[in-house]
file input.csv (CSV, C-alpha atoms and all ligand atoms)
chain,number,residue,atom,x,y,z
A,598,MET,CA,92.3,99.9,65.0
A,599,SER,CA,95.8,101.2,64.5
A,600,VAL,CA,99.1,99.6,65.5
A,601,VAL,CA,100.4,101.6,68.5
A,602,PHE,CA,103.3,99.3,69.5
A,603,ARG,CA,105.5,97.1,67.4
A,604,LYS,CA,109.1,96.0,66.9
A,605,PRO,CA,111.3,99.0,65.9
A,606,ASP,CA,112.6,98.8,62.3
A,607,SER,CA,116.3,99.0,63.4
A,608,MET,CA,115.8,95.9,65.6
A,609,ALA,CA,116.5,92.7,63.7
A,610,ASP,CA,113.5,90.3,63.4
A,611,VAL,CA,115.2,87.3,65.1
A,612,ASN,CA,114.9,85.4,68.3
A,613,THR,CA,117.5,86.4,70.9
A,614,HIS,CA,119.7,84.0,72.8
A,615,TYR,CA,118.9,85.7,76.1
A,616,CYS,CA,117.3,83.8,79.0
A,617,PRO,CA,113.5,84.2,79.5
A,618,GLY,CA,112.8,87.5,81.2
A,619,CYS,CA,116.3,88.9,80.9
A,620,THR,CA,116.1,92.7,80.6
A,621,HIS,CA,118.9,93.0,78.1
A,622,GLY,CA,116.2,92.7,75.4
A,623,ILE,CA,114.2,95.6,76.8
A,624,VAL,CA,117.2,97.9,76.6
A,625,HIS,CA,118.1,96.7,73.1
A,626,ARG,CA,114.6,97.7,72.0
A,627,LEU,CA,114.8,101.2,73.7
A,628,ILE,CA,118.0,101.9,71.8
A,629,CYS,CA,116.4,100.8,68.5
A,630,GLU,CA,113.3,102.9,69.2
A,631,ILE,CA,115.5,106.0,69.6
A,632,ILE,CA,117.5,105.1,66.4
A,633,ASP,CA,114.1,104.9,64.6
A,634,GLU,CA,112.7,108.1,66.0
A,635,MET,CA,115.9,110.0,65.2
A,636,GLY,CA,116.1,108.4,61.8
A,637,ILE,CA,119.7,107.5,62.2
A,638,GLU,CA,119.9,103.8,61.4
A,639,GLY,CA,122.3,104.3,58.5
A,640,ASP,CA,124.4,106.7,60.6
A,641,THR,CA,124.8,104.6,63.8
A,642,ILE,CA,127.7,102.3,64.7
A,643,GLY,CA,127.3,100.2,67.9
A,644,ILE,CA,130.1,98.5,69.7
A,645,CYS,CA,129.4,95.2,71.5
A,646,PRO,CA,131.1,94.0,74.6
A,647,VAL,CA,132.1,90.6,76.0
A,648,GLY,CA,129.3,89.3,78.2
A,649,CYS,CA,125.8,88.0,77.6
A,650,SER,CA,125.3,90.8,75.0
A,651,VAL,CA,128.4,89.7,73.1
A,652,MET,CA,126.1,88.7,70.2
A,653,ALA,CA,124.0,91.9,70.2
A,654,TYR,CA,125.4,92.7,66.8
A,655,ASP,CA,122.9,90.1,65.5
A,656,TYR,CA,120.0,92.1,67.0
A,657,PHE,CA,120.6,95.6,65.7
A,658,ASN,CA,120.2,96.5,62.0
A,659,CYS,CA,122.7,99.3,62.2
A,660,ASP,CA,126.5,98.6,61.8
A,661,MET,CA,128.0,96.9,64.7
A,662,ILE,CA,131.6,96.0,65.8
A,663,GLU,CA,132.6,93.5,68.5
A,664,ALA,CA,135.3,94.7,70.9
A,665,PRO,CA,137.6,92.7,73.2
A,666,HIS,CA,136.4,92.5,76.8
A,667,GLY,CA,136.2,96.0,78.4
A,668,ARG,CA,137.7,97.7,75.3
A,669,ALA,CA,134.4,99.0,73.7
A,670,PRO,CA,135.1,102.7,74.7
A,671,ALA,CA,138.6,102.4,73.1
A,672,VAL,CA,137.1,101.0,69.9
A,673,ALA,CA,134.3,103.6,70.0
A,674,THR,CA,137.0,106.3,70.3
A,675,GLY,CA,138.7,105.2,67.2
A,676,VAL,CA,135.5,104.9,65.2
A,677,LYS,CA,134.1,108.2,66.4
A,678,ARG,CA,137.4,110.1,65.7
A,679,SER,CA,137.6,108.7,62.2
A,680,LEU,CA,133.8,109.2,61.5
A,681,PRO,CA,132.9,112.1,63.7
A,682,ASP,CA,129.5,112.6,62.1
A,683,LYS,CA,128.3,109.1,62.9
A,684,PHE,CA,126.5,108.2,66.1
A,685,VAL,CA,128.7,105.8,68.0
A,686,PHE,CA,127.4,103.9,71.1
A,687,THR,CA,128.8,101.1,73.2
A,688,TYR,CA,126.7,98.5,75.0
A,689,GLN,CA,128.5,97.0,78.0
A,690,GLY,CA,127.8,94.9,81.1
A,691,ASP,CA,129.1,95.7,84.5
A,692,GLY,CA,131.8,93.0,84.4
A,693,ASP,CA,132.9,94.5,81.0
A,694,LEU,CA,132.7,98.2,81.9
A,695,ALA,CA,133.4,98.3,85.7
A,696,ALA,CA,136.0,95.6,86.0
A,697,ILE,CA,138.3,94.8,83.1
A,698,GLY,CA,137.2,98.0,81.3
A,699,THR,CA,137.3,100.6,84.1
A,700,ALA,CA,140.4,102.3,82.7
A,701,GLU,CA,139.0,102.6,79.1
A,702,THR,CA,135.7,103.9,80.5
A,703,ILE,CA,137.2,106.6,82.8
A,704,HIS,CA,139.8,107.8,80.3
A,705,ALA,CA,137.2,108.0,77.4
A,706,ALA,CA,135.2,110.2,79.7
A,707,ALA,CA,138.3,112.2,80.8
A,708,ARG,CA,139.1,112.8,77.1
A,709,GLY,CA,135.5,113.9,76.6
A,710,GLU,CA,135.0,111.5,73.7
A,711,ASN,CA,131.8,112.3,72.0
A,712,ILE,CA,130.3,108.8,72.4
A,713,THR,CA,127.4,107.2,74.2
A,714,ILE,CA,127.7,104.3,76.6
A,715,ILE,CA,124.8,102.2,77.5
A,716,PHE,CA,125.9,100.4,80.7
A,717,ILE,CA,123.9,97.3,81.8
A,718,ASN,CA,124.4,96.8,85.6
A,719,ASN,CA,122.9,93.5,86.6
A,720,THR,CA,125.3,93.1,89.6
A,721,THR,CA,126.9,89.9,88.3
A,722,TYR,CA,129.0,88.3,85.5
A,723,GLY,CA,126.0,86.8,83.7
A,724,MET,CA,127.7,85.1,80.8
A,725,THR,CA,130.3,83.2,82.7
A,726,GLY,CA,127.9,81.8,85.3
A,727,GLY,CA,127.2,84.4,87.9
A,728,GLN,CA,130.5,85.3,89.6
A,729,MET,CA,130.9,88.4,91.8
A,730,ALA,CA,131.2,91.7,89.8
A,731,PRO,CA,132.5,95.0,91.1
A,732,THR,CA,128.8,96.0,91.3
A,733,THR,CA,127.7,92.9,93.3
A,734,LEU,CA,125.8,94.2,96.4
A,735,PRO,CA,127.2,93.6,99.9
A,736,GLY,CA,125.9,90.3,101.1
A,737,GLN,CA,124.9,89.1,97.6
A,738,VAL,CA,125.4,85.4,97.1
A,739,THR,CA,127.2,84.6,93.8
A,740,GLN,CA,129.2,81.7,92.5
A,741,THR,CA,132.4,83.3,94.0
A,742,THR,CA,130.8,84.7,97.1
A,743,PRO,CA,128.8,81.7,98.3
A,744,TYR,CA,128.4,83.2,101.8
A,745,GLY,CA,127.5,86.6,100.4
A,746,ARG,CA,129.8,89.5,99.4
A,747,ASP,CA,131.9,90.3,102.4
A,748,VAL,CA,133.0,93.9,102.1
A,749,GLU,CA,135.9,93.3,104.5
A,750,LYS,CA,137.4,90.9,102.1
A,751,ALA,CA,135.9,91.8,98.7
A,752,GLY,CA,135.5,95.6,99.1
A,753,TYR,CA,132.5,97.7,98.2
A,754,PRO,CA,130.5,97.9,95.0
A,755,VAL,CA,131.7,100.4,92.4
A,756,LYS,CA,129.2,103.2,91.6
A,757,MET,CA,130.1,104.2,88.0
A,758,CYS,CA,127.7,107.1,87.5
A,759,GLU,CA,128.8,108.8,90.7
A,760,ILE,CA,132.5,108.4,89.7
A,761,LEU,CA,132.0,109.5,86.1
A,762,ALA,CA,130.0,112.6,87.2
A,763,GLN,CA,133.3,113.9,88.7
A,764,VAL,CA,135.1,113.7,85.4
A,765,ASP,CA,135.2,117.0,83.5
A,766,GLY,CA,134.8,115.4,80.1
A,767,THR,CA,131.4,113.8,81.1
A,768,ALA,CA,128.4,115.6,79.6
A,769,LEU,CA,125.7,113.2,80.9
A,770,ALA,CA,125.8,110.5,83.6
A,771,GLN,CA,122.3,109.1,84.5
A,772,ARG,CA,121.2,105.9,86.2
A,773,VAL,CA,117.8,104.4,85.3
A,774,SER,CA,116.0,101.1,85.8
A,775,VAL,CA,113.7,98.9,83.8
A,776,ASP,CA,111.7,97.4,86.6
A,777,SER,CA,108.3,98.8,85.5
A,778,PRO,CA,106.7,100.4,82.4
A,779,LYS,CA,107.1,103.8,84.0
A,780,GLU,CA,110.9,103.3,84.6
A,781,VAL,CA,111.3,101.9,81.1
A,782,GLN,CA,109.9,105.1,79.7
A,783,ILE,CA,112.3,107.2,81.8
A,784,ALA,CA,115.2,104.9,80.6
A,785,LYS,CA,114.1,105.6,77.0
A,786,LYS,CA,114.2,109.4,77.6
A,787,ALA,CA,117.7,109.1,79.1
A,788,ILE,CA,118.9,107.2,76.1
A,789,ARG,CA,117.4,109.8,73.8
A,790,LYS,CA,119.1,112.6,75.7
A,791,ALA,CA,122.4,110.8,75.5
A,792,PHE,CA,122.1,110.5,71.7
A,793,GLN,CA,121.1,114.2,71.4
A,794,ILE,CA,124.1,115.2,73.4
A,795,GLN,CA,126.3,113.2,71.0
A,796,ARG,CA,124.5,114.8,68.0
A,797,ASP,CA,125.2,118.3,69.5
A,798,LYS,CA,128.9,117.3,70.0
A,799,LYS,CA,128.8,118.0,73.8
A,800,GLY,CA,130.9,115.1,74.9
A,801,PHE,CA,130.8,111.8,76.8
A,802,SER,CA,127.4,110.4,77.8
A,803,ILE,CA,126.6,107.3,79.9
A,804,VAL,CA,123.3,105.8,80.8
A,805,GLU,CA,123.5,103.1,83.4
A,806,VAL,CA,120.6,100.8,83.3
A,807,LEU,CA,119.9,98.7,86.4
A,808,SER,CA,118.9,95.3,85.0
A,809,THR,CA,118.2,91.8,86.0
A,810,CYS,CA,119.8,88.4,85.5
A,811,PRO,CA,117.1,85.9,86.6
A,812,THR,CA,119.2,82.9,85.7
A,813,ASN,CA,122.2,83.7,87.9
A,814,TRP,CA,120.1,85.5,90.6
A,815,GLY,CA,118.2,82.2,90.9
A,816,MET,CA,114.8,83.9,90.7
A,817,SER,CA,111.9,84.1,88.4
A,818,PRO,CA,111.9,87.1,86.0
A,819,VAL,CA,109.1,88.8,88.1
A,820,GLU,CA,110.9,88.1,91.4
A,821,SER,CA,114.0,89.6,89.8
A,822,LEU,CA,112.2,92.9,89.0
A,823,GLU,CA,111.2,92.9,92.7
A,824,ARG,CA,114.8,92.4,93.8
A,825,LEU,CA,115.9,95.2,91.5
A,826,ARG,CA,113.4,97.5,93.1
A,827,LYS,CA,113.9,96.5,96.7
A,828,GLU,CA,117.7,95.8,96.8
A,829,CYS,CA,119.5,97.3,93.8
A,830,ILE,CA,117.9,100.7,93.6
A,831,PRO,CA,118.5,101.6,97.2
A,832,TYR,CA,122.2,100.9,96.8
A,833,PHE,CA,122.4,102.4,93.3
A,834,PRO,CA,120.0,105.4,93.5
A,835,LEU,CA,118.4,106.4,90.2
A,836,GLY,CA,118.8,109.9,88.8
A,837,VAL,CA,120.8,112.4,86.8
A,838,TYR,CA,124.3,112.6,88.3
A,839,LYS,CA,125.6,115.1,85.7
A,840,ASP,CA,123.9,116.8,82.8
A,841,ILE,CA,125.7,119.8,81.3
A,842,THR,CA,122.6,120.6,79.2
A,843,ALA,CA,120.3,120.7,82.2
A,844,LYS,CA,120.4,124.5,82.5
A,845,GLU,CA,119.6,125.1,78.8
A,846,ASN,CA,116.7,122.7,79.1
A,847,SER,CA,115.4,123.8,82.5
A,848,ASN,CA,112.2,125.1,81.0
A,849,ASP,CA,111.4,121.7,79.2
B,602,MET,CA,89.5,99.3,73.0
B,603,GLY,CA,92.7,97.4,72.3
B,604,LYS,CA,94.1,94.2,71.1
B,605,ILE,CA,97.4,92.4,71.5
B,606,ASN,CA,99.1,89.9,69.2
B,607,VAL,CA,101.7,87.7,70.8
B,608,ILE,CA,104.2,86.3,68.2
B,609,PHE,CA,104.0,82.6,69.2
B,610,ASP,CA,107.6,81.6,68.3
B,611,LYS,CA,109.2,84.7,69.8
B,612,CYS,CA,107.6,84.4,73.3
B,613,LYS,CA,109.7,82.8,76.0
B,614,GLY,CA,106.9,82.7,78.6
B,615,CYS,CA,108.8,84.9,81.0
B,616,GLY,CA,105.6,86.4,82.5
B,617,LEU,CA,106.8,90.0,82.5
B,618,CYS,CA,103.8,91.0,80.3
B,619,GLU,CA,101.4,89.1,82.6
B,620,ASN,CA,102.9,91.0,85.6
B,621,ALA,CA,102.6,94.4,83.9
B,622,CYS,CA,99.1,94.2,82.5
B,623,PRO,CA,96.8,96.4,84.6
B,624,GLN,CA,93.7,94.5,83.3
B,625,LYS,CA,95.2,91.1,84.4
B,626,ILE,CA,94.1,89.5,81.1
B,627,ILE,CA,97.4,87.9,80.1
B,628,GLN,CA,98.2,84.3,81.1
B,629,ILE,CA,101.0,81.9,80.3
B,630,GLN,CA,99.3,78.9,78.6
B,631,LYS,CA,100.7,75.7,79.9
B,632,ASP,CA,99.1,73.3,77.5
B,633,LYS,CA,101.3,73.8,74.5
B,634,ILE,CA,104.9,74.9,73.7
B,635,ASN,CA,106.4,76.8,70.8
B,636,SER,CA,109.2,75.7,68.4
B,637,HIS,CA,111.8,76.7,71.0
B,638,GLY,CA,110.1,74.7,73.8
B,639,TYR,CA,108.6,77.6,75.7
B,640,PHE,CA,105.1,78.1,77.1
B,641,THR,CA,103.7,81.3,75.7
B,642,ALA,CA,101.6,84.3,76.7
B,643,VAL,CA,98.0,84.7,75.6
B,644,CYS,CA,95.3,87.3,76.1
B,645,ILE,CA,92.4,85.6,77.9
B,646,ASN,CA,89.9,88.4,77.5
B,647,ASP,CA,90.2,90.5,74.3
B,648,ASP,CA,87.2,92.6,75.4
B,649,LYS,CA,89.0,94.0,78.5
B,650,CYS,CA,92.2,95.0,76.6
B,651,VAL,CA,92.6,98.8,76.8
B,652,GLY,CA,95.6,98.9,74.4
B,653,CYS,CA,97.8,100.6,76.9
B,654,ALA,CA,100.9,98.6,75.7
B,655,MET,CA,102.3,98.1,79.2
B,656,CYS,CA,102.7,94.4,78.4
B,657,ALA,CA,104.7,95.2,75.2
B,658,VAL,CA,106.9,97.8,77.0
B,659,MET,CA,108.0,95.1,79.4
B,660,CYS,CA,108.5,92.3,76.8
B,661,PRO,CA,112.2,91.6,76.4
B,662,GLU,CA,111.6,89.7,73.2
B,663,CYS,CA,109.5,92.3,71.3
B,664,ALA,CA,107.0,89.5,71.0
B,665,ILE,CA,103.9,91.7,71.4
B,666,THR,CA,102.2,94.0,68.9
B,667,VAL,CA,99.5,96.3,70.3
B,668,GLU,CA,96.6,97.8,68.4
B,669,ARG,CA,94.3,100.5,69.7
B,670,GLN,CA,91.2,102.3,68.6
B,671,VAL,CA,92.6,105.8,68.0
B,672,GLN,CA,90.2,108.8,68.1
B,673,LYS,CA,90.2,110.5,64.7
C,1,LIG,C1,140.0,89.1,78.4
C,1,LIG,C2,138.9,88.3,79.0
C,1,LIG,N1,138.8,88.1,80.3
C,1,LIG,C3,137.8,87.4,80.9
C,1,LIG,C4,136.8,86.9,80.0
C,1,LIG,C5,135.7,86.0,80.6
C,1,LIG,N2,134.4,86.8,80.6
C,1,LIG,C6,133.5,86.6,79.7
C,1,LIG,S1,132.1,87.5,80.0
C,1,LIG,C7,132.7,88.1,81.4
C,1,LIG,C8,131.9,89.0,82.3
C,1,LIG,C9,130.6,89.3,81.8
C,1,LIG,O1,129.8,90.1,82.7
C,1,LIG,P1,129.1,91.4,82.4
C,1,LIG,O2,130.0,92.3,81.6
C,1,LIG,O3,128.5,92.0,83.6
C,1,LIG,O4,128.0,91.0,81.3
C,1,LIG,P2,126.6,90.2,81.6
C,1,LIG,O5,126.9,88.8,81.1
C,1,LIG,O6,126.3,90.2,83.0
C,1,LIG,O7,125.6,90.9,80.7
C,1,LIG,C10,134.0,87.6,81.7
C,1,LIG,C11,134.8,87.9,82.9
C,1,LIG,C12,136.9,87.1,78.6
C,1,LIG,N3,136.0,86.7,77.8
C,1,LIG,N4,138.0,87.8,78.2
C,2,LIG,S1,122.7,84.8,82.1
C,2,LIG,FE1,121.6,86.6,83.0
C,2,LIG,S2,122.3,88.4,81.8
C,2,LIG,FE2,122.8,86.5,80.7
C,2,LIG,S3,121.1,86.2,79.3
C,2,LIG,FE3,120.7,84.9,81.1
C,2,LIG,S4,119.5,86.2,82.5
C,2,LIG,FE4,120.4,87.6,80.9
C,3,LIG,S1,106.9,89.4,78.1
C,3,LIG,FE1,107.2,88.7,76.0
C,3,LIG,S2,108.4,86.9,76.1
C,3,LIG,FE2,107.7,87.3,78.2
C,3,LIG,S3,105.8,86.0,78.3
C,3,LIG,FE3,105.2,88.1,77.7
C,3,LIG,S4,105.2,88.0,75.4
C,3,LIG,FE4,106.3,86.2,76.2
C,4,LIG,S1,97.6,96.4,76.0
C,4,LIG,FE1,97.4,96.9,78.2
C,4,LIG,S2,95.4,96.0,78.7
C,4,LIG,FE2,95.9,95.1,76.7
C,4,LIG,S3,96.9,93.2,77.3
C,4,LIG,FE3,98.6,94.7,77.1
C,4,LIG,S4,98.8,95.5,79.2
C,4,LIG,FE4,96.9,94.4,79.2
C,5,MG,MG,126.6,91.8,84.3
call {"tool": "encode", "arguments": {"input": "input.csv", "output": "structure tokens"}}
result
Amino acid sequence: MSVVFRKPDSMADVNTHYCPGCTHGIVHRLICEIIDEMGIEGDTIGICPVGCSVMAYDYFNCDMIEAPHGRAPAVATGVKRSLPDKFVFTYQGDGDLAAIGTAETIHAAARGENITIIFINNTTYGMTGGQMAPTTLPGQVTQTTPYGRDVEKAGYPVKMCEILAQVDGTALAQRVSVDSPKEVQIAKKAIRKAFQIQRDKKGFSIVEVLSTCPTNWGMSPVESLERLRKECIPYFPLGVYKDITAKENSND
Amino acid sequence: MGKINVIFDKCKGCGLCENACPQKIIQIQKDKINSHGYFTAVCINDDKCVGCAMCAVMCPECAITVERQVQK
């Protein structure tokens, strides 16, 4: 028998600090699989956020930098401009990217920075104990919305892919999910496309991954996948919101 | 024909592999814990494993290695 699935080489052989069933780990692995397949471990620099993935630098074997909360796209801009031939990606949660880091994100896209953002939307501030995030769904109970998010008072969820698709510097904006093996494979393809767009110097790419936070959602890991499917995907529809390479690849 | 190997001390017993397996041959064993205090996943029927790797694809801990009979 041959080994058909194993840990990617660019993923560190360590135990993560993530809660059982947290999908951060699935997305880490997908990025590492792409790094391995493209053979770019020595040419990749990742930027970590503040949030549960703050220590992701321990889980990737490529070079990693830790940015202040929300500032990963600004740090990535500096790294990419000084080392334009390296692959530079950020890994950011929804609190990091869509709250404190909204300006950095939108302006990095507007400048058409040739970087890749992997955006983990789990509809909450996981690390700090499950407060409302900009992406928290209407009615969702969190630490700071104990009666459910009331849109009259707390406004509506921010849909980053839809917003970034309107920005001229954006080359790719795609939303994927990791709620089933099939969706995980689609997510992997999207991450590969983002890295290829960066390789071809076509501009800013973002892959938003709808993810779970079983601990703060107060559900089992399997129930969390179910909630992702039944509640999150209808509000945050999956799909390609912008892809400037779609025409060239239309006979793929 | 396939075979999985769960790395005992990496598994957190989350059950995502159990949920994904089309053959329903993964279970979380509740009679012993690993060095981190977690119950862990085991394959309860090696003969039925088809080596599809759906369990491993869903594992957030990269705790599963999958082997398969590959046609030469
Ligand atoms: C400047 C600053 N403000 C606030 C915080 C507190 N803080 C830490 S993590 C976090 C939000 C994390 O949520 P998210 O980015 O969604 O990541 P997750 O943990 O859900 O993966 C906040 C507000 C901080 N560390 N630094
Ligand atoms: S708090 Fe939520 S996002 Fe953070 S590791 Fe635990 S499950 Fe994952
Ligand atoms: S998915 Fe991975 S961590 Fe979760 S129970 Fe299965 S082997 Fe263990
Ligand atoms: S490889 Fe497929 S059949 Fe075998 S245990 Fe994993 S999911 Fe089940
Ligand atoms: Mg979050």
call {"tool": "closest_residue", "arguments": {"input": "input.csv", "among": "B:Ile634, B:Thr641, B:Pro623, B:Glu662", "to": "ligand LIG 2 (chain C)", "atoms": "only C-alpha atoms and all ligand atoms"}}
result
B:Glu662
call {"tool": "interface_residues", "arguments": {"input": "input.csv", "of": "chain A", "to": "chain B", "cutoff": "12 Å", "atoms": "all atoms listed in the file", "output": "VMD selection string"}}
result
chain A and resid 598 to 606 608 to 627 629 to 630 656 774 to 785 808 to 809 811 to 812 816 to 823
call {"tool": "atom_distance", "arguments": {"input": "input.csv", "atom1": "CA of Asn658 in chain A", "atom2": "CA of Asp640 in chain A"}}
result
11.1 Å
call {"tool": "closest_residue", "arguments": {"input": "input.csv", "among": "A:Ile712, A:Leu807, A:Ile637, A:Cys829", "to": "ligand LIG 1 (chain C)", "atoms": "only C-alpha atoms and all ligand atoms"}}
result
A:Leu807
call {"tool": "closest_residue", "arguments": {"input": "input.csv", "among": "B:Gln624, B:Val607, B:Lys633, B:Ile645", "to": "ligand LIG 4 (chain C)", "atoms": "only C-alpha atoms and all ligand atoms"}}
result
B:Gln624
call {"tool": "residues_near_ligand", "arguments": {"input": "input.csv", "ligand": "ligand LIG 1 (chain C)", "cutoff": "10 Å", "atoms": "all atoms listed in the file", "output": "PDB file with C-alpha atoms, in the coordinates of the input"}}
result
ATOM      1  CA  TYR A 615     118.900  85.700  76.100  1.00  0.00           C
ATOM      2  CA  CYS A 619     116.300  88.900  80.900  1.00  0.00           C
ATOM      3  CA  THR A 620     116.100  92.700  80.600  1.00  0.00           C
ATOM      4  CA  HIS A 621     118.900  93.000  78.100  1.00  0.00           C
ATOM      5  CA  PRO A 646     131.100  94.000  74.600  1.00  0.00           C
ATOM      6  CA  VAL A 647     132.100  90.600  76.000  1.00  0.00           C
ATOM      7  CA  GLY A 648     129.300  89.300  78.200  1.00  0.00           C
ATOM      8  CA  CYS A 649     125.800  88.000  77.600  1.00  0.00           C
ATOM      9  CA  SER A 650     125.300  90.800  75.000  1.00  0.00           C
ATOM     10  CA  VAL A 651     128.400  89.700  73.100  1.00  0.00           C
ATOM     11  CA  PRO A 665     137.600  92.700  73.200  1.00  0.00           C
ATOM     12  CA  HIS A 666     136.400  92.500  76.800  1.00  0.00           C
ATOM     13  CA  GLY A 667     136.200  96.000  78.400  1.00  0.00           C
ATOM     14  CA  ARG A 668     137.700  97.700  75.300  1.00  0.00           C
ATOM     15  CA  TYR A 688     126.700  98.500  75.000  1.00  0.00           C
ATOM     16  CA  GLN A 689     128.500  97.000  78.000  1.00  0.00           C
ATOM     17  CA  GLY A 690     127.800  94.900  81.100  1.00  0.00           C
ATOM     18  CA  ASP A 691     129.100  95.700  84.500  1.00  0.00           C
ATOM     19  CA  GLY A 692     131.800  93.000  84.400  1.00  0.00           C
ATOM     20  CA  ASP A 693     132.900  94.500  81.000  1.00  0.00           C
ATOM     21  CA  LEU A 694     132.700  98.200  81.900  1.00  0.00           C
ATOM     22  CA  ALA A 695     133.400  98.300  85.700  1.00  0.00           C
ATOM     23  CA  ALA A 696     136.000  95.600  86.000  1.00  0.00           C
ATOM     24  CA  ILE A 697     138.300  94.800  83.100  1.00  0.00           C
ATOM     25  CA  GLY A 698     137.200  98.000  81.300  1.00  0.00           C
ATOM     26  CA  PHE A 716     125.900 100.400  80.700  1.00  0.00           C
ATOM     27  CA  ILE A 717     123.900  97.300  81.800  1.00  0.00           C
ATOM     28  CA  ASN A 718     124.400  96.800  85.600  1.00  0.00           C
ATOM     29  CA  ASN A 719     122.900  93.500  86.600  1.00  0.00           C
ATOM     30  CA  THR A 720     125.300  93.100  89.600  1.00  0.00           C
ATOM     31  CA  THR A 721     126.900  89.900  88.300  1.00  0.00           C
ATOM     32  CA  TYR A 722     129.000  88.300  85.500  1.00  0.00           C
ATOM     33  CA  GLY A 723     126.000  86.800  83.700  1.00  0.00           C
ATOM     34  CA  MET A 724     127.700  85.100  80.800  1.00  0.00           C
ATOM     35  CA  THR A 725     130.300  83.200  82.700  1.00  0.00           C
ATOM     36  CA  GLY A 726     127.900  81.800  85.300  1.00  0.00           C
ATOM     37  CA  GLY A 727     127.200  84.400  87.900  1.00  0.00           C
ATOM     38  CA  GLN A 728     130.500  85.300  89.600  1.00  0.00           C
ATOM     39  CA  MET A 729     130.900  88.400  91.800  1.00  0.00           C
ATOM     40  CA  ALA A 730     131.200  91.700  89.800  1.00  0.00           C
ATOM     41  CA  PRO A 731     132.500  95.000  91.100  1.00  0.00           C
ATOM     42  CA  THR A 732     128.800  96.000  91.300  1.00  0.00           C
ATOM     43  CA  THR A 733     127.700  92.900  93.300  1.00  0.00           C
ATOM     44  CA  SER A 808     118.900  95.300  85.000  1.00  0.00           C
ATOM     45  CA  THR A 809     118.200  91.800  86.000  1.00  0.00           C
ATOM     46  CA  CYS A 810     119.800  88.400  85.500  1.00  0.00           C
ATOM     47  CA  ASN A 813     122.200  83.700  87.900  1.00  0.00           C
TER      48      ASN A 813
END
call {"tool": "closest_residue", "arguments": {"input": "input.csv", "among": "A:Thr739, A:Ser607, A:Thr842, A:Gln763", "to": "ligand MG 5 (chain C)", "atoms": "all atoms listed in the file"}}
result
A:Thr739
call {"tool": "closest_residue", "arguments": {"input": "input.csv", "among": "A:Pro831, A:Gly836, A:Gly709, A:Gly815", "to": "ligand LIG 2 (chain C)", "atoms": "all atoms listed in the file"}}
result
A:Gly815
call {"tool": "closest_residue", "arguments": {"input": "input.csv", "among": "B:Gly638, B:Phe609, B:Val651, B:Asn646", "to": "ligand LIG 3 (chain C)", "atoms": "only C-alpha atoms and all ligand atoms"}}
result
B:Phe609
call {"tool": "atom_distance", "arguments": {"input": "input.csv", "atom1": "CA of Thr674 in chain A", "atom2": "CA of Ala770 in chain A"}}
result
17.9 Å
call {"tool": "atom_distance", "arguments": {"input": "input.csv", "atom1": "CA of Glu663 in chain A", "atom2": "CA of Gly643 in chain A"}}
result
8.6 Å
call {"tool": "build_atoms", "arguments": {"input": "input.csv", "residues": "range 766-774 of chain A", "atoms": "N, CA, C and O atoms", "output": "PDB file, in the coordinates of the input"}}
result
ATOM      1  N   GLY A 766     135.183 115.705  81.438  1.00  0.00           N
ATOM      2  CA  GLY A 766     134.800 115.400  80.100  1.00  0.00           C
ATOM      3  C   GLY A 766     133.365 114.807  79.951  1.00  0.00           C
ATOM      4  O   GLY A 766     132.833 114.650  78.860  1.00  0.00           O
ATOM      5  N   THR A 767     132.772 114.449  81.084  1.00  0.00           N
ATOM      6  CA  THR A 767     131.400 113.800  81.100  1.00  0.00           C
ATOM      7  C   THR A 767     130.368 114.879  80.849  1.00  0.00           C
ATOM      8  O   THR A 767     130.317 115.870  81.582  1.00  0.00           O
ATOM      9  N   ALA A 768     129.497 114.653  79.855  1.00  0.00           N
ATOM     10  CA  ALA A 768     128.400 115.600  79.600  1.00  0.00           C
ATOM     11  C   ALA A 768     127.121 115.068  80.318  1.00  0.00           C
ATOM     12  O   ALA A 768     126.325 115.839  80.843  1.00  0.00           O
ATOM     13  N   LEU A 769     126.926 113.739  80.286  1.00  0.00           N
ATOM     14  CA  LEU A 769     125.700 113.200  80.900  1.00  0.00           C
ATOM     15  C   LEU A 769     126.085 111.871  81.617  1.00  0.00           C
ATOM     16  O   LEU A 769     126.756 111.002  81.055  1.00  0.00           O
ATOM     17  N   ALA A 770     125.647 111.762  82.873  1.00  0.00           N
ATOM     18  CA  ALA A 770     125.800 110.500  83.600  1.00  0.00           C
ATOM     19  C   ALA A 770     124.423 110.319  84.323  1.00  0.00           C
ATOM     20  O   ALA A 770     124.063 111.101  85.201  1.00  0.00           O
ATOM     21  N   GLN A 771     123.665 109.330  83.878  1.00  0.00           N
ATOM     22  CA  GLN A 771     122.300 109.100  84.500  1.00  0.00           C
ATOM     23  C   GLN A 771     122.114 107.636  84.709  1.00  0.00           C
ATOM     24  O   GLN A 771     122.480 106.793  83.892  1.00  0.00           O
ATOM     25  N   ARG A 772     121.491 107.327  85.881  1.00  0.00           N
ATOM     26  CA  ARG A 772     121.200 105.900  86.200  1.00  0.00           C
ATOM     27  C   ARG A 772     119.651 105.754  86.149  1.00  0.00           C
ATOM     28  O   ARG A 772     118.911 106.539  86.744  1.00  0.00           O
ATOM     29  N   VAL A 773     119.236 104.720  85.423  1.00  0.00           N
ATOM     30  CA  VAL A 773     117.800 104.400  85.300  1.00  0.00           C
ATOM     31  C   VAL A 773     117.594 102.946  85.569  1.00  0.00           C
ATOM     32  O   VAL A 773     118.539 102.212  85.853  1.00  0.00           O
ATOM     33  N   SER A 774     116.331 102.527  85.513  1.00  0.00           N
ATOM     34  CA  SER A 774     116.000 101.100  85.800  1.00  0.00           C
ATOM     35  C   SER A 774     114.947 100.681  84.778  1.00  0.00           C
ATOM     36  O   SER A 774     114.339 101.499  84.090  1.00  0.00           O
TER      37      SER A 774
END
